[in-house]
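Enquirer: Got a structure for you, questions after.
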Amino acid sequence: GESVGLHLPTLSVQEGDNSIINCAYSNSASDYFIWYKQESGKGPQFIIDIRSNMDKRQGQRVTVLLNKTVKHLSLQIAATQPGDSAVYFCAEAGGSQGNLIFGKGTKLSVKP
Amino acid sequence: NAGVMQNPRHLVRRRGQEARLRCSPMKGHSHVYWYRQLPEEGLKFMVYLQKENIIDESGMPKERFSAEFPKEGPSILRIQQVVRGDSAAYFCASSGQGLNEQFFGPGTRLTVL
């Protein structure tokens with residue numbers, strides 16, 4: 001079946017460095033993608049989204065890149081901070097009526 | 001500026017009992033989604049509701065699970081005759097347009113003994 005997946009299950013970075021979290025999706029019909037951050041014991045927190053008519057979108061310290069040719073999505077976090085430590089999920093708007101399809105997540109650890 | 005609210009935050013049930021999970025969407029949102037998350041995994045879609053209507057229940061198990069979103073009051077996810085495999089975190093999300101941008105609640109962690 002079609003699903004969203006992630007390349008790396010864990011990522012460890014030094015505080016102040018940039019982080020890049022990757023995601024591969026397989027449903028070429030998906031037209032909307034979201035990155036969520038989930039801290040332990042909490043619900044997913046919306047970070048940034050992008051639609052398929054764009055290839056880049058920037059937020060505060062975060063950038064999402066979309067490569068539709070290879071069906072790849074990435075989240076870049078600039079100047080990573082300890083508070084960025086969490087599990088990051090990409091999700092795509094797939095199926096009918098707007099339900100989201102989530103990947104398994106990448107755990108980001110920030111070393112001080 | 002209340003976000004999506006869920007209660008209870010933690011729920012313990014014995015096998016065979018019923019579990020009721022409640023979700024109040026963000027103010028102004030009329031679309032509610034329920035997801036289930038097992039440890040170390042991503043969220044899996046269960047059901048999508050609008051007021052008094054089930055729009056998509058393709059992710060919901062056919063037996064023991066039901067959901068509603070009445071005209072007044074919170075959305076309810078009901079699990080009858082719980083089994084240990086139902087132990088998971090259940091998240092509710094809401095949106096204002098029924099598509100795409102969804103905001104999540106803190107979840108209900110169900111433990112079945």
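In the structure tokens, chains take letters A, B, ... by order of appearance, with residues numbered from 1 within each chain and ligands from 1 in the order shown.
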Please identify all polymer residues within 7 Å of Ile76 in chain B, counting only C-alpha atoms, omitting same-chain residues fewer than 6 positions from it, and present them as a PyMOL selection string.

Expert: chain B and resi 20-23+67-69

Enquirer: Find the residues around Tyr88 in chain A up to 10 Å (only C-alpha atoms counted), leave out those fewer than 3 positions away in its own chain, and share them as a ChimeraX atom specification.

Expert: /A:6,9-10,21-22,35-39,44-45,47,75,84-85,91,103-108 /B:42

Enquirer: For Ser94 in chain B, which residue out of B:Ile79, B:Arg9, B:Glu18, B:Tyr48 is the nearest one, using only C-alpha atoms?

Expert: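 The closest residue to Ser94 in chain B is B:Tyr48.
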
Enquirer: Only residues of chain A matter here; which ones have an atom within 9 Å of chain B, counting only C-alpha atoms? Give them as a compact mmCIF listing (two decimals) with all heavy atoms, in the first residue's frame.

Expert:
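selection_22.txt, freshly written:
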```
# COMPACT_ATOMS: atom_id res chain seq x y z
N TYR A 32 -0.76 17.86 -0.17
CA TYR A 32 -0.58 18.68 1.01
C TYR A 32 0.23 17.90 2.02
O TYR A 32 -0.06 16.73 2.27
CB TYR A 32 -1.94 19.07 1.58
CG TYR A 32 -1.89 19.95 2.80
CD1 TYR A 32 -1.39 21.25 2.73
CD2 TYR A 32 -2.34 19.49 4.03
CE1 TYR A 32 -1.35 22.06 3.85
CE2 TYR A 32 -2.31 20.30 5.15
CZ TYR A 32 -1.81 21.59 5.05
OH TYR A 32 -1.78 22.40 6.16
N PHE A 33 1.23 18.55 2.63
CA PHE A 33 2.12 17.88 3.54
C PHE A 33 2.34 18.75 4.78
O PHE A 33 2.41 19.97 4.68
CB PHE A 33 3.48 17.62 2.86
CG PHE A 33 3.35 16.84 1.59
CD1 PHE A 33 3.13 17.50 0.38
CD2 PHE A 33 3.41 15.46 1.59
CE1 PHE A 33 2.99 16.80 -0.80
CE2 PHE A 33 3.27 14.75 0.41
CZ PHE A 33 3.05 15.41 -0.78
N ILE A 34 2.45 18.08 5.91
CA ILE A 34 2.61 18.79 7.17
C ILE A 34 3.73 18.14 7.98
O ILE A 34 3.87 16.91 7.98
CB ILE A 34 1.32 18.74 8.03
CG1 ILE A 34 0.09 19.16 7.21
CG2 ILE A 34 1.45 19.64 9.25
CD1 ILE A 34 -1.21 18.98 7.97
N GLY A 41 4.67 12.50 25.80
CA GLY A 41 3.45 12.66 26.58
C GLY A 41 2.50 13.73 26.08
O GLY A 41 1.50 14.03 26.73
N LYS A 42 2.80 14.30 24.91
CA LYS A 42 1.96 15.37 24.38
C LYS A 42 1.43 15.02 23.00
O LYS A 42 1.88 14.06 22.37
CB LYS A 42 2.76 16.67 24.31
CG LYS A 42 3.23 17.18 25.67
CD LYS A 42 3.92 18.52 25.52
CE LYS A 42 4.35 19.06 26.88
NZ LYS A 42 5.04 20.37 26.75
N GLY A 43 0.48 15.81 22.55
CA GLY A 43 -0.04 15.63 21.21
C GLY A 43 0.85 16.26 20.17
O GLY A 43 1.70 17.09 20.49
N PRO A 44 0.70 15.88 18.91
CA PRO A 44 1.49 16.49 17.84
C PRO A 44 1.23 17.98 17.73
O PRO A 44 0.08 18.43 17.83
CB PRO A 44 0.99 15.76 16.58
CG PRO A 44 0.40 14.48 17.09
CD PRO A 44 -0.19 14.82 18.41
N GLN A 45 2.29 18.72 17.53
CA GLN A 45 2.20 20.17 17.40
C GLN A 45 2.54 20.56 15.97
O GLN A 45 3.60 20.20 15.45
CB GLN A 45 3.17 20.82 18.39
CG GLN A 45 3.24 22.33 18.30
CD GLN A 45 4.34 22.91 19.17
OE1 GLN A 45 4.99 22.19 19.93
NE2 GLN A 45 4.56 24.20 19.07
N PHE A 46 1.66 21.28 15.34
CA PHE A 46 1.86 21.74 13.96
C PHE A 46 3.10 22.62 13.88
O PHE A 46 3.30 23.53 14.68
CB PHE A 46 0.63 22.53 13.53
CG PHE A 46 0.71 23.13 12.16
CD1 PHE A 46 0.23 22.44 11.07
CD2 PHE A 46 1.24 24.40 11.96
CE1 PHE A 46 0.29 23.00 9.80
CE2 PHE A 46 1.30 24.96 10.71
CZ PHE A 46 0.83 24.26 9.63
N ASP A 49 3.60 23.62 7.03
CA ASP A 49 2.97 22.82 5.98
C ASP A 49 3.40 23.34 4.61
O ASP A 49 4.00 24.42 4.48
CB ASP A 49 1.44 22.84 6.10
CG ASP A 49 0.85 24.26 6.01
OD1 ASP A 49 1.61 25.24 5.87
OD2 ASP A 49 -0.39 24.39 6.10
N PHE A 89 7.22 14.11 12.90
CA PHE A 89 6.45 13.32 11.95
C PHE A 89 6.13 14.15 10.72
O PHE A 89 5.75 15.31 10.83
CB PHE A 89 5.11 12.89 12.56
CG PHE A 89 5.21 11.92 13.70
CD1 PHE A 89 5.17 12.38 15.01
CD2 PHE A 89 5.33 10.57 13.47
CE1 PHE A 89 5.25 11.49 16.06
CE2 PHE A 89 5.41 9.67 14.52
CZ PHE A 89 5.37 10.13 15.83
N GLU A 92 0.89 13.37 5.23
CA GLU A 92 0.37 13.79 3.95
C GLU A 92 -1.15 13.71 3.97
O GLU A 92 -1.73 12.88 4.69
CB GLU A 92 0.91 12.92 2.81
CG GLU A 92 0.51 11.47 2.90
CD GLU A 92 1.04 10.65 1.73
OE1 GLU A 92 0.83 11.05 0.57
OE2 GLU A 92 1.66 9.61 1.98
N ALA A 93 -1.73 14.60 3.21
CA ALA A 93 -3.18 14.55 3.05
C ALA A 93 -3.44 13.55 1.95
O ALA A 93 -3.18 13.82 0.77
CB ALA A 93 -3.74 15.92 2.69
N SER A 96 -9.46 9.99 1.40
CA SER A 96 -10.59 10.88 1.14
C SER A 96 -10.85 11.80 2.32
O SER A 96 -10.49 11.50 3.44
CB SER A 96 -11.84 10.04 0.86
OG SER A 96 -12.16 9.26 2.00
N GLN A 97 -11.44 12.92 2.03
CA GLN A 97 -12.00 13.78 3.06
C GLN A 97 -10.99 14.34 4.06
O GLN A 97 -11.39 14.75 5.13
CB GLN A 97 -13.11 13.04 3.82
CG GLN A 97 -14.15 12.41 2.93
CD GLN A 97 -15.10 13.43 2.32
OE1 GLN A 97 -15.08 14.60 2.65
NE2 GLN A 97 -15.92 13.00 1.39
N GLY A 98 -9.73 14.30 3.75
CA GLY A 98 -8.80 15.06 4.57
C GLY A 98 -8.10 14.33 5.69
O GLY A 98 -7.40 14.96 6.47
N ASN A 99 -8.27 13.01 5.83
CA ASN A 99 -7.51 12.36 6.89
C ASN A 99 -6.03 12.37 6.55
O ASN A 99 -5.64 12.34 5.38
CB ASN A 99 -8.00 10.92 7.10
CG ASN A 99 -7.83 10.06 5.86
OD1 ASN A 99 -8.53 10.28 4.89
ND2 ASN A 99 -6.90 9.14 5.89
N LEU A 100 -5.20 12.44 7.57
CA LEU A 100 -3.76 12.50 7.39
C LEU A 100 -3.13 11.12 7.51
O LEU A 100 -3.56 10.30 8.31
CB LEU A 100 -3.14 13.43 8.43
CG LEU A 100 -3.54 14.90 8.36
CD1 LEU A 100 -2.96 15.67 9.53
CD2 LEU A 100 -3.08 15.52 7.05
N ILE A 101 -2.10 10.90 6.69
CA ILE A 101 -1.32 9.68 6.76
C ILE A 101 0.04 10.05 7.34
O ILE A 101 0.75 10.87 6.75
CB ILE A 101 -1.16 9.02 5.39
CG1 ILE A 101 -2.53 8.68 4.81
CG2 ILE A 101 -0.30 7.77 5.49
CD1 ILE A 101 -2.49 8.20 3.38
N PHE A 102 0.38 9.45 8.47
CA PHE A 102 1.62 9.78 9.17
C PHE A 102 2.71 8.77 8.90
O PHE A 102 2.46 7.57 8.76
CB PHE A 102 1.36 9.80 10.68
CG PHE A 102 0.70 11.04 11.18
CD1 PHE A 102 -0.67 11.22 11.05
CD2 PHE A 102 1.43 12.04 11.79
CE1 PHE A 102 -1.29 12.37 11.52
CE2 PHE A 102 0.82 13.19 12.27
CZ PHE A 102 -0.54 13.36 12.13
N GLY A 103 3.94 9.25 8.90
CA GLY A 103 5.10 8.39 8.92
C GLY A 103 5.37 7.94 10.35
O GLY A 103 4.67 8.36 11.29
N LYS A 104 6.40 7.14 10.54
CA LYS A 104 6.69 6.59 11.86
C LYS A 104 7.43 7.58 12.76
O LYS A 104 7.45 7.42 13.96
CB LYS A 104 7.50 5.31 11.75
CG LYS A 104 6.67 4.12 11.27
CD LYS A 104 7.39 2.80 11.45
CE LYS A 104 6.48 1.65 11.10
NZ LYS A 104 7.15 0.34 11.30
N GLY A 105 8.07 8.57 12.23
CA GLY A 105 8.71 9.57 13.06
C GLY A 105 10.21 9.47 13.12
O GLY A 105 10.79 8.40 12.97
```

Enquirer: Which residue, B:Glu52, B:Gly96, B:Pro70, B:Val83, has the smallest gap to Val12 in chain B when you use only C-alpha atoms?

Expert: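 Checking each of B:Glu52, B:Gly96, B:Pro70, B:Val83 against Val12 in chain B, counting only C-alpha atoms, the winner is B:Val83.
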